[in-house]
Amino acid sequence: MSKVISTLFVSADGVAEIDPAWHFPYFDENMGRAVSEDYDTADTLLIGRVTYDSFAGAWPGREAAGGEDAPFAKQLGDLRKVVVSRQPLEFGWRGSELLRGGLVEAVTALKTEAQGILVPGSISVVQQLLAAGLLDELRLLVHPVAARKGRKLFDEGDAPYHLTVTATEVFPTGVIRVIYAPGPAPAPAGYDDIQEHVPEGK
């Protein structure tokens with residue numbers, strides 16, 4: 001079974017809807033390396049329609065232009081791209097197809113077909129995968145800025161998501177790369193259980 005990995009740029013206050021004004025000033029060679037590492041894990045992109053439209057509107061042209069980012073644009077073009085949409089779509093970017101059937105069933109089947117599945121952006125898709133227990137890794141590049149507006153990664157719900165940190169890295173820009181995997185809930189505890197750890201008064 002292949003892993004399903006989410007990769008997201010987020011602000012310190014949890015906003016995952018990118019605003020170029022707070023994102024691009026922090027994009028350096030370290031972030032570029034991290035992004036490259038994420039995409040190198042995958043042969044398949046699982047992507048929401050809005051994110052797909054953004055990618056398809058930019059990367060094919062960048063590949064054709066042959067600039068510095070053309071090799072990465074070609075890498076994206078060569079990947080299989082499975083698009084989550086309730087509406088029928090026509091695709092002009094090679095390797096693109098519509099996800100067939102319900103998300104949970106289709107992604108469960110996709111995990112047996114693909115070598116690695118990457119979910120770039122696509123907040124609503126990530127939220128659904130988290131709720132279904134289908135996300136294997138959550139890779140965040142946390143920017144040192146409070147965006148104060150925009151869609152947040154975690155939606156409201158009845159139960160918390162417990163996560164295990166598997167790797168962290170701090171870049172010179174202040175961006176923190178943190179990789180989470182789903183983890184078990186800690187043992188229940190209340191104030192009486194942690195009293196011994198409370199700082200003593202001076």
# chains A, B, ... in the order shown; residues from 1 in each chain; ligands from 1
>>> residues_around(residues="segment 145-158 of chain A", least_positions_apart="5", cutoff="9 Å", atoms="only C-alpha atoms", output="ChimeraX atom specification")
/A:8,10-19,22,123-124,126-127
>>> write_last_selection(atoms="all heavy atoms", output="short mmCIF file (atom, residue, chain, number, x, y, z; two decimals), in the first residue's frame")
data_model
loop_
_atom_site.label_atom_id
_atom_site.label_comp_id
_atom_site.auth_asym_id
_atom_site.auth_seq_id
_atom_site.Cartn_x
_atom_site.Cartn_y
_atom_site.Cartn_z
N LEU A 8 1.78 21.14 2.50
CA LEU A 8 1.08 22.42 2.58
C LEU A 8 1.99 23.52 3.11
O LEU A 8 2.82 23.29 3.99
CB LEU A 8 -0.13 22.30 3.53
CG LEU A 8 -1.34 21.51 3.03
CD1 LEU A 8 -2.16 21.02 4.21
CD2 LEU A 8 -2.19 22.39 2.13
N VAL A 10 1.72 26.76 5.32
CA VAL A 10 0.77 27.31 6.28
C VAL A 10 1.40 28.46 7.05
O VAL A 10 2.62 28.54 7.19
CB VAL A 10 0.26 26.23 7.28
CG1 VAL A 10 -0.43 25.10 6.55
CG2 VAL A 10 1.38 25.70 8.14
N SER A 11 0.55 29.33 7.57
CA SER A 11 1.00 30.42 8.42
C SER A 11 1.04 29.93 9.87
O SER A 11 0.53 28.86 10.20
CB SER A 11 0.05 31.62 8.30
OG SER A 11 -1.23 31.27 8.79
N ALA A 12 1.62 30.74 10.74
CA ALA A 12 1.73 30.37 12.14
C ALA A 12 0.37 30.22 12.81
O ALA A 12 0.24 29.50 13.80
CB ALA A 12 2.58 31.38 12.89
N ASP A 13 -0.65 30.89 12.28
CA ASP A 13 -2.00 30.76 12.85
C ASP A 13 -2.85 29.75 12.09
O ASP A 13 -4.07 29.75 12.20
CB ASP A 13 -2.70 32.12 12.94
CG ASP A 13 -2.77 32.86 11.62
OD1 ASP A 13 -2.03 32.50 10.68
OD2 ASP A 13 -3.55 33.83 11.51
N GLY A 14 -2.22 28.88 11.32
CA GLY A 14 -2.91 27.74 10.74
C GLY A 14 -3.59 27.96 9.41
O GLY A 14 -4.30 27.07 8.93
N VAL A 15 -3.39 29.11 8.78
CA VAL A 15 -4.01 29.38 7.48
C VAL A 15 -3.23 28.64 6.39
O VAL A 15 -2.01 28.78 6.28
CB VAL A 15 -4.04 30.89 7.18
CG1 VAL A 15 -4.52 31.15 5.76
CG2 VAL A 15 -4.95 31.61 8.18
N ALA A 16 -3.94 27.85 5.60
CA ALA A 16 -3.33 27.09 4.52
C ALA A 16 -3.73 27.60 3.14
O ALA A 16 -3.32 27.04 2.14
CB ALA A 16 -3.69 25.61 4.65
N GLU A 17 -4.54 28.64 3.12
CA GLU A 17 -4.90 29.29 1.86
C GLU A 17 -3.82 30.32 1.56
O GLU A 17 -3.75 31.37 2.21
CB GLU A 17 -6.27 29.95 1.98
CG GLU A 17 -6.76 30.61 0.71
CD GLU A 17 -8.13 31.25 0.89
OE1 GLU A 17 -8.77 31.04 1.93
OE2 GLU A 17 -8.55 31.97 -0.02
N ILE A 18 -2.98 30.04 0.60
CA ILE A 18 -1.77 30.84 0.39
C ILE A 18 -2.10 32.23 -0.11
O ILE A 18 -2.87 32.41 -1.05
CB ILE A 18 -0.83 30.14 -0.61
CG1 ILE A 18 -0.34 28.80 -0.06
CG2 ILE A 18 0.37 31.02 -0.93
CD1 ILE A 18 0.47 28.01 -1.06
N ASP A 19 -1.46 33.20 0.50
CA ASP A 19 -1.43 34.57 0.00
C ASP A 19 0.02 34.82 -0.43
O ASP A 19 0.93 34.74 0.40
CB ASP A 19 -1.84 35.55 1.09
CG ASP A 19 -1.88 36.99 0.60
OD1 ASP A 19 -1.25 37.30 -0.44
OD2 ASP A 19 -2.50 37.83 1.27
N TRP A 22 2.49 36.82 1.84
CA TRP A 22 3.21 36.28 3.01
C TRP A 22 3.98 35.00 2.69
O TRP A 22 4.83 34.58 3.47
CB TRP A 22 2.29 36.07 4.20
CG TRP A 22 1.14 35.12 4.11
CD1 TRP A 22 -0.18 35.46 4.02
CD2 TRP A 22 1.15 33.68 4.16
NE1 TRP A 22 -0.98 34.34 3.99
CE2 TRP A 22 -0.19 33.22 4.08
CE3 TRP A 22 2.16 32.73 4.27
CZ2 TRP A 22 -0.53 31.87 4.09
CZ3 TRP A 22 1.82 31.38 4.28
CH2 TRP A 22 0.50 30.96 4.20
N ILE A 123 -7.05 21.91 0.33
CA ILE A 123 -7.41 21.86 1.75
C ILE A 123 -8.61 20.95 2.01
O ILE A 123 -8.60 20.14 2.93
CB ILE A 123 -7.71 23.29 2.27
CG1 ILE A 123 -6.49 24.19 2.07
CG2 ILE A 123 -8.08 23.25 3.75
CD1 ILE A 123 -6.77 25.66 2.32
N SER A 124 -9.67 21.07 1.20
CA SER A 124 -10.86 20.26 1.45
C SER A 124 -10.57 18.78 1.28
O SER A 124 -11.12 17.94 2.02
CB SER A 124 -12.00 20.69 0.53
OG SER A 124 -11.67 20.48 -0.83
N VAL A 126 -7.65 17.31 1.85
CA VAL A 126 -6.88 16.92 3.03
C VAL A 126 -7.80 16.73 4.23
O VAL A 126 -7.65 15.77 5.00
CB VAL A 126 -5.78 17.96 3.33
CG1 VAL A 126 -5.08 17.64 4.65
CG2 VAL A 126 -4.77 18.00 2.20
N GLN A 127 -8.74 17.63 4.41
CA GLN A 127 -9.67 17.51 5.54
C GLN A 127 -10.47 16.23 5.45
O GLN A 127 -10.69 15.55 6.47
CB GLN A 127 -10.59 18.74 5.57
CG GLN A 127 -9.88 20.02 5.96
CD GLN A 127 -10.76 21.25 5.83
OE1 GLN A 127 -11.79 21.23 5.16
NE2 GLN A 127 -10.36 22.34 6.46
#
>>> closest_atom_pairs(of="segment 125-152 of chain A", to="segment 178-192 of chain A", cutoff="6 Å", atoms="only C-alpha atoms", output="CSV")
residue,atom,partner,partner_atom,distance
A:Asp136,CA,A:Ala181,CA,5.8
A:Glu137,CA,A:Ala181,CA,4.7
A:Leu138,CA,A:Tyr180,CA,5.0
A:Arg139,CA,A:Ile179,CA,4.5
A:Leu140,CA,A:Val178,CA,5.4
>>> select_by_dssp(residues="segment 85-186 of chain A", states="strand (DSSP E)", output="JSON, numbers by chain")
{"A": [96, 97, 98, 117, 118, 119, 120, 137, 138, 139, 140, 141, 142, 143, 163, 164, 165, 166, 167, 168, 169, 170, 176, 177, 178, 179, 180, 181, 182]}
>>> write_last_selection(atoms="N, CA, C and O atoms", output="short mmCIF file (atom, residue, chain, number, x, y, z; two decimals), in the first residue's frame")
data_model
loop_
_atom_site.label_atom_id
_atom_site.label_comp_id
_atom_site.auth_asym_id
_atom_site.auth_seq_id
_atom_site.Cartn_x
_atom_site.Cartn_y
_atom_site.Cartn_z
N SER A 96 -3.77 13.86 -16.76
CA SER A 96 -4.83 14.27 -15.84
C SER A 96 -6.08 13.43 -16.04
O SER A 96 -6.44 13.10 -17.17
N GLU A 97 -6.73 13.10 -14.93
CA GLU A 97 -7.96 12.32 -14.98
C GLU A 97 -8.83 12.67 -13.79
O GLU A 97 -8.35 13.18 -12.78
N LEU A 98 -10.11 12.38 -13.92
CA LEU A 98 -11.07 12.65 -12.85
C LEU A 98 -11.14 11.45 -11.91
O LEU A 98 -11.14 10.29 -12.35
N ILE A 117 1.51 8.74 -3.34
CA ILE A 117 0.45 9.70 -3.64
C ILE A 117 0.72 10.98 -2.86
O ILE A 117 0.83 10.96 -1.63
N LEU A 118 0.83 12.09 -3.57
CA LEU A 118 1.07 13.39 -2.94
C LEU A 118 -0.16 14.26 -3.14
O LEU A 118 -0.71 14.34 -4.24
N VAL A 119 -0.57 14.93 -2.06
CA VAL A 119 -1.70 15.86 -2.11
C VAL A 119 -1.15 17.27 -1.87
O VAL A 119 -0.92 17.68 -0.73
N PRO A 120 -0.88 18.03 -2.93
CA PRO A 120 -0.41 19.41 -2.75
C PRO A 120 -1.58 20.36 -2.55
O PRO A 120 -2.56 20.33 -3.29
N GLU A 137 0.88 10.95 6.06
CA GLU A 137 1.81 11.98 6.51
C GLU A 137 1.24 13.36 6.19
O GLU A 137 0.61 13.55 5.14
N LEU A 138 1.49 14.29 7.09
CA LEU A 138 1.11 15.69 6.90
C LEU A 138 2.40 16.50 6.98
O LEU A 138 3.02 16.60 8.05
N ARG A 139 2.84 17.03 5.86
CA ARG A 139 4.10 17.76 5.78
C ARG A 139 3.79 19.25 5.67
O ARG A 139 3.25 19.71 4.66
N LEU A 140 4.14 19.98 6.71
CA LEU A 140 3.82 21.41 6.77
C LEU A 140 5.09 22.25 6.72
O LEU A 140 6.09 21.92 7.37
N LEU A 141 5.02 23.33 5.97
CA LEU A 141 6.06 24.36 5.99
C LEU A 141 5.43 25.59 6.64
O LEU A 141 4.68 26.34 6.02
N VAL A 142 5.72 25.74 7.94
CA VAL A 142 5.04 26.74 8.76
C VAL A 142 5.82 28.06 8.68
O VAL A 142 6.97 28.14 9.12
N HIS A 143 5.18 29.08 8.13
CA HIS A 143 5.80 30.38 7.94
C HIS A 143 5.69 31.21 9.23
O HIS A 143 4.67 31.15 9.91
N LEU A 163 -1.45 13.62 16.60
CA LEU A 163 -0.39 13.50 15.61
C LEU A 163 0.94 13.18 16.29
O LEU A 163 1.18 13.58 17.43
N THR A 164 1.79 12.47 15.56
CA THR A 164 3.14 12.17 16.02
C THR A 164 4.12 12.92 15.14
O THR A 164 4.03 12.86 13.91
N VAL A 165 5.05 13.65 15.74
CA VAL A 165 6.07 14.36 14.97
C VAL A 165 7.15 13.35 14.57
O VAL A 165 7.75 12.69 15.42
N THR A 166 7.40 13.24 13.26
CA THR A 166 8.43 12.32 12.78
C THR A 166 9.70 13.03 12.34
O THR A 166 10.76 12.41 12.26
N ALA A 167 9.61 14.34 12.04
CA ALA A 167 10.80 15.09 11.65
C ALA A 167 10.51 16.58 11.75
O ALA A 167 9.38 17.02 11.54
N THR A 168 11.53 17.36 12.08
CA THR A 168 11.44 18.82 12.09
C THR A 168 12.72 19.42 11.55
O THR A 168 13.79 18.80 11.63
N GLU A 169 12.61 20.60 11.00
CA GLU A 169 13.77 21.35 10.51
C GLU A 169 13.42 22.83 10.54
O GLU A 169 12.32 23.21 10.15
N VAL A 170 14.34 23.65 11.01
CA VAL A 170 14.13 25.10 11.04
C VAL A 170 15.04 25.73 9.99
O VAL A 170 16.26 25.52 9.99
N ILE A 176 9.49 26.69 9.64
CA ILE A 176 9.68 25.40 10.29
C ILE A 176 9.05 24.32 9.43
O ILE A 176 7.86 24.39 9.11
N ARG A 177 9.85 23.35 9.06
CA ARG A 177 9.30 22.19 8.35
C ARG A 177 9.03 21.11 9.39
O ARG A 177 9.92 20.69 10.13
N VAL A 178 7.78 20.67 9.46
CA VAL A 178 7.41 19.64 10.42
C VAL A 178 6.60 18.57 9.70
O VAL A 178 5.71 18.88 8.90
N ILE A 179 6.97 17.33 9.95
CA ILE A 179 6.28 16.20 9.34
C ILE A 179 5.57 15.42 10.44
O ILE A 179 6.19 15.00 11.43
N TYR A 180 4.26 15.27 10.26
CA TYR A 180 3.43 14.56 11.22
C TYR A 180 2.93 13.26 10.60
O TYR A 180 2.73 13.16 9.39
N ALA A 181 2.68 12.29 11.46
CA ALA A 181 1.94 11.09 11.10
C ALA A 181 0.81 10.93 12.10
O ALA A 181 0.93 11.40 13.24
N PRO A 182 -0.28 10.31 11.71
CA PRO A 182 -1.35 10.06 12.70
C PRO A 182 -0.79 9.27 13.88
O PRO A 182 0.02 8.35 13.70
#
>>> atom_distance(atom1="atom CA of Ala58 of chain A", atom2="atom CA of Leu89 of chain A")
17.6 Å
>>> closest_residue(among="A:Gly102, A:Pro199, A:Gly116, A:Pro160", to="Thr44 of chain A", atoms="only C-alpha atoms")
A:Gly116
>>> closest_residue(among="A:Val84, A:Ala65, A:Ala21, A:Ala106", to="Asp53 of chain A", atoms="only C-alpha atoms")
A:Val84
>>> closest_residue(among="A:Val104, A:Ala159, A:Met31, A:Val125", to="Val50 of chain A", atoms="only C-alpha atoms")
A:Val125
>>> closest_residue(among="A:Glu105, A:Leu99, A:Thr41, A:Ala131", to="Val4 of chain A", atoms="only C-alpha atoms")
A:Thr41
>>> residues_around(residues="segment 68-74 of chain A", least_positions_apart="5", cutoff="6 Å", atoms="only C-alpha atoms", output="PyMOL selection string")
chain A and resi 59+62-63
>>> select_by_dssp(residues="segment 83-192 of chain A", states="alpha helix (DSSP H)", output="list of chain:residue names")
A:Leu103, A:Val104, A:Glu105, A:Ala106, A:Val107, A:Thr108, A:Ala109, A:Leu110, A:Lys111, A:Thr112, A:Glu113, A:Ile123, A:Ser124, A:Val125, A:Val126, A:Gln127, A:Gln128, A:Leu129, A:Leu130, A:Ala131, A:Ala132, A:Tyr191, A:Asp192
>>> decode(residues="segment 186-199 of chain A", atoms="all heavy atoms", output="PDB file, in the first residue's frame")
ATOM      1  N   PRO A 186      -3.005  10.359  23.712  1.00  0.00           N
ATOM      2  CA  PRO A 186      -2.318  10.123  24.980  1.00  0.00           C
ATOM      3  C   PRO A 186      -3.301   9.626  26.038  1.00  0.00           C
ATOM      4  O   PRO A 186      -4.525   9.738  25.873  1.00  0.00           O
ATOM      5  CB  PRO A 186      -1.776  11.514  25.335  1.00  0.00           C
ATOM      6  CG  PRO A 186      -2.700  12.461  24.643  1.00  0.00           C
ATOM      7  CD  PRO A 186      -3.125  11.780  23.374  1.00  0.00           C
ATOM      8  N   ALA A 187      -2.770   9.089  27.101  1.00  0.00           N
ATOM      9  CA  ALA A 187      -3.626   8.637  28.198  1.00  0.00           C
ATOM     10  C   ALA A 187      -4.374   9.835  28.779  1.00  0.00           C
ATOM     11  O   ALA A 187      -3.824  10.941  28.865  1.00  0.00           O
ATOM     12  CB  ALA A 187      -2.784   7.969  29.277  1.00  0.00           C
ATOM     13  N   PRO A 188      -5.621   9.647  29.178  1.00  0.00           N
ATOM     14  CA  PRO A 188      -6.379  10.757  29.770  1.00  0.00           C
ATOM     15  C   PRO A 188      -5.649  11.323  30.989  1.00  0.00           C
ATOM     16  O   PRO A 188      -5.012  10.586  31.753  1.00  0.00           O
ATOM     17  CB  PRO A 188      -7.705  10.109  30.169  1.00  0.00           C
ATOM     18  CG  PRO A 188      -7.819   8.895  29.308  1.00  0.00           C
ATOM     19  CD  PRO A 188      -6.420   8.406  29.103  1.00  0.00           C
ATOM     20  N   ALA A 189      -5.712  12.635  31.163  1.00  0.00           N
ATOM     21  CA  ALA A 189      -5.058  13.287  32.299  1.00  0.00           C
ATOM     22  C   ALA A 189      -5.822  14.543  32.672  1.00  0.00           C
ATOM     23  O   ALA A 189      -6.446  15.189  31.819  1.00  0.00           O
ATOM     24  CB  ALA A 189      -3.609  13.629  31.964  1.00  0.00           C
ATOM     25  N   GLY A 190      -5.781  14.882  33.942  1.00  0.00           N
ATOM     26  CA  GLY A 190      -6.352  16.115  34.441  1.00  0.00           C
ATOM     27  C   GLY A 190      -5.315  16.857  35.269  1.00  0.00           C
ATOM     28  O   GLY A 190      -4.155  16.435  35.370  1.00  0.00           O
ATOM     29  N   TYR A 191      -5.758  17.936  35.867  1.00  0.00           N
ATOM     30  CA  TYR A 191      -4.800  18.753  36.622  1.00  0.00           C
ATOM     31  C   TYR A 191      -4.138  17.957  37.742  1.00  0.00           C
ATOM     32  O   TYR A 191      -2.938  18.110  37.994  1.00  0.00           O
ATOM     33  CB  TYR A 191      -5.493  19.993  37.188  1.00  0.00           C
ATOM     34  CG  TYR A 191      -4.532  20.918  37.899  1.00  0.00           C
ATOM     35  CD1 TYR A 191      -3.692  21.763  37.181  1.00  0.00           C
ATOM     36  CD2 TYR A 191      -4.440  20.934  39.295  1.00  0.00           C
ATOM     37  CE1 TYR A 191      -2.793  22.608  37.833  1.00  0.00           C
ATOM     38  CE2 TYR A 191      -3.546  21.757  39.951  1.00  0.00           C
ATOM     39  CZ  TYR A 191      -2.727  22.592  39.208  1.00  0.00           C
ATOM     40  OH  TYR A 191      -1.829  23.409  39.853  1.00  0.00           O
ATOM     41  N   ASP A 192      -4.868  17.112  38.423  1.00  0.00           N
ATOM     42  CA  ASP A 192      -4.293  16.335  39.515  1.00  0.00           C
ATOM     43  C   ASP A 192      -3.138  15.459  39.044  1.00  0.00           C
ATOM     44  O   ASP A 192      -2.205  15.182  39.804  1.00  0.00           O
ATOM     45  CB  ASP A 192      -5.360  15.453  40.165  1.00  0.00           C
ATOM     46  CG  ASP A 192      -6.379  16.274  40.955  1.00  0.00           C
ATOM     47  OD1 ASP A 192      -6.075  17.453  41.256  1.00  0.00           O
ATOM     48  OD2 ASP A 192      -7.470  15.741  41.245  1.00  0.00           O
ATOM     49  N   ASP A 193      -3.196  15.046  37.771  1.00  0.00           N
ATOM     50  CA  ASP A 193      -2.157  14.166  37.242  1.00  0.00           C
ATOM     51  C   ASP A 193      -0.871  14.912  36.907  1.00  0.00           C
ATOM     52  O   ASP A 193       0.201  14.295  36.805  1.00  0.00           O
ATOM     53  CB  ASP A 193      -2.662  13.459  35.980  1.00  0.00           C
ATOM     54  CG  ASP A 193      -3.894  12.625  36.248  1.00  0.00           C
ATOM     55  OD1 ASP A 193      -3.812  11.697  37.076  1.00  0.00           O
ATOM     56  OD2 ASP A 193      -4.945  12.900  35.641  1.00  0.00           O
ATOM     57  N   ILE A 194      -0.950  16.213  36.725  1.00  0.00           N
ATOM     58  CA  ILE A 194       0.246  16.967  36.294  1.00  0.00           C
ATOM     59  C   ILE A 194       0.751  17.931  37.370  1.00  0.00           C
ATOM     60  O   ILE A 194       1.694  18.686  37.142  1.00  0.00           O
ATOM     61  CB  ILE A 194      -0.034  17.719  34.974  1.00  0.00           C
ATOM     62  CG1 ILE A 194      -1.199  18.732  35.112  1.00  0.00           C
ATOM     63  CG2 ILE A 194      -0.369  16.740  33.860  1.00  0.00           C
ATOM     64  CD1 ILE A 194      -0.818  20.109  35.450  1.00  0.00           C
ATOM     65  N   GLN A 195       0.140  17.898  38.544  1.00  0.00           N
ATOM     66  CA  GLN A 195       0.520  18.847  39.599  1.00  0.00           C
ATOM     67  C   GLN A 195       2.009  18.813  39.904  1.00  0.00           C
ATOM     68  O   GLN A 195       2.623  19.848  40.141  1.00  0.00           O
ATOM     69  CB  GLN A 195      -0.269  18.558  40.875  1.00  0.00           C
ATOM     70  CG  GLN A 195      -1.569  19.324  40.976  1.00  0.00           C
ATOM     71  CD  GLN A 195      -2.218  19.125  42.335  1.00  0.00           C
ATOM     72  OE1 GLN A 195      -1.999  18.119  42.986  1.00  0.00           O
ATOM     73  NE2 GLN A 195      -3.009  20.079  42.748  1.00  0.00           N
ATOM     74  N   GLU A 196       2.582  17.633  39.904  1.00  0.00           N
ATOM     75  CA  GLU A 196       3.995  17.508  40.280  1.00  0.00           C
ATOM     76  C   GLU A 196       4.909  18.216  39.284  1.00  0.00           C
ATOM     77  O   GLU A 196       6.071  18.507  39.595  1.00  0.00           O
ATOM     78  CB  GLU A 196       4.396  16.041  40.372  1.00  0.00           C
ATOM     79  CG  GLU A 196       4.266  15.284  39.062  1.00  0.00           C
ATOM     80  CD  GLU A 196       4.597  13.814  39.203  1.00  0.00           C
ATOM     81  OE1 GLU A 196       5.783  13.512  39.441  1.00  0.00           O
ATOM     82  OE2 GLU A 196       3.674  12.988  39.062  1.00  0.00           O
ATOM     83  N   HIS A 197       4.414  18.515  38.101  1.00  0.00           N
ATOM     84  CA  HIS A 197       5.232  19.161  37.075  1.00  0.00           C
ATOM     85  C   HIS A 197       5.031  20.673  37.047  1.00  0.00           C
ATOM     86  O   HIS A 197       5.699  21.373  36.286  1.00  0.00           O
ATOM     87  CB  HIS A 197       4.909  18.587  35.704  1.00  0.00           C
ATOM     88  CG  HIS A 197       5.058  17.090  35.623  1.00  0.00           C
ATOM     89  ND1 HIS A 197       6.258  16.453  35.864  1.00  0.00           N
ATOM     90  CD2 HIS A 197       4.144  16.114  35.351  1.00  0.00           C
ATOM     91  CE1 HIS A 197       6.092  15.144  35.744  1.00  0.00           C
ATOM     92  NE2 HIS A 197       4.809  14.915  35.435  1.00  0.00           N
ATOM     93  N   VAL A 198       4.087  21.194  37.825  1.00  0.00           N
ATOM     94  CA  VAL A 198       3.828  22.628  37.861  1.00  0.00           C
ATOM     95  C   VAL A 198       5.025  23.338  38.508  1.00  0.00           C
ATOM     96  O   VAL A 198       5.540  22.893  39.550  1.00  0.00           O
ATOM     97  CB  VAL A 198       2.540  22.927  38.627  1.00  0.00           C
ATOM     98  CG1 VAL A 198       2.329  24.424  38.787  1.00  0.00           C
ATOM     99  CG2 VAL A 198       1.334  22.303  37.924  1.00  0.00           C
ATOM    100  N   PRO A 199       5.523  24.436  37.930  1.00  0.00           N
ATOM    101  CA  PRO A 199       6.679  25.128  38.521  1.00  0.00           C
ATOM    102  C   PRO A 199       6.395  25.563  39.955  1.00  0.00           C
ATOM    103  O   PRO A 199       5.285  25.992  40.298  1.00  0.00           O
ATOM    104  CB  PRO A 199       6.858  26.336  37.596  1.00  0.00           C
ATOM    105  CG  PRO A 199       6.210  25.953  36.319  1.00  0.00           C
ATOM    106  CD  PRO A 199       5.065  25.066  36.681  1.00  0.00           C
TER     107      PRO A 199
END
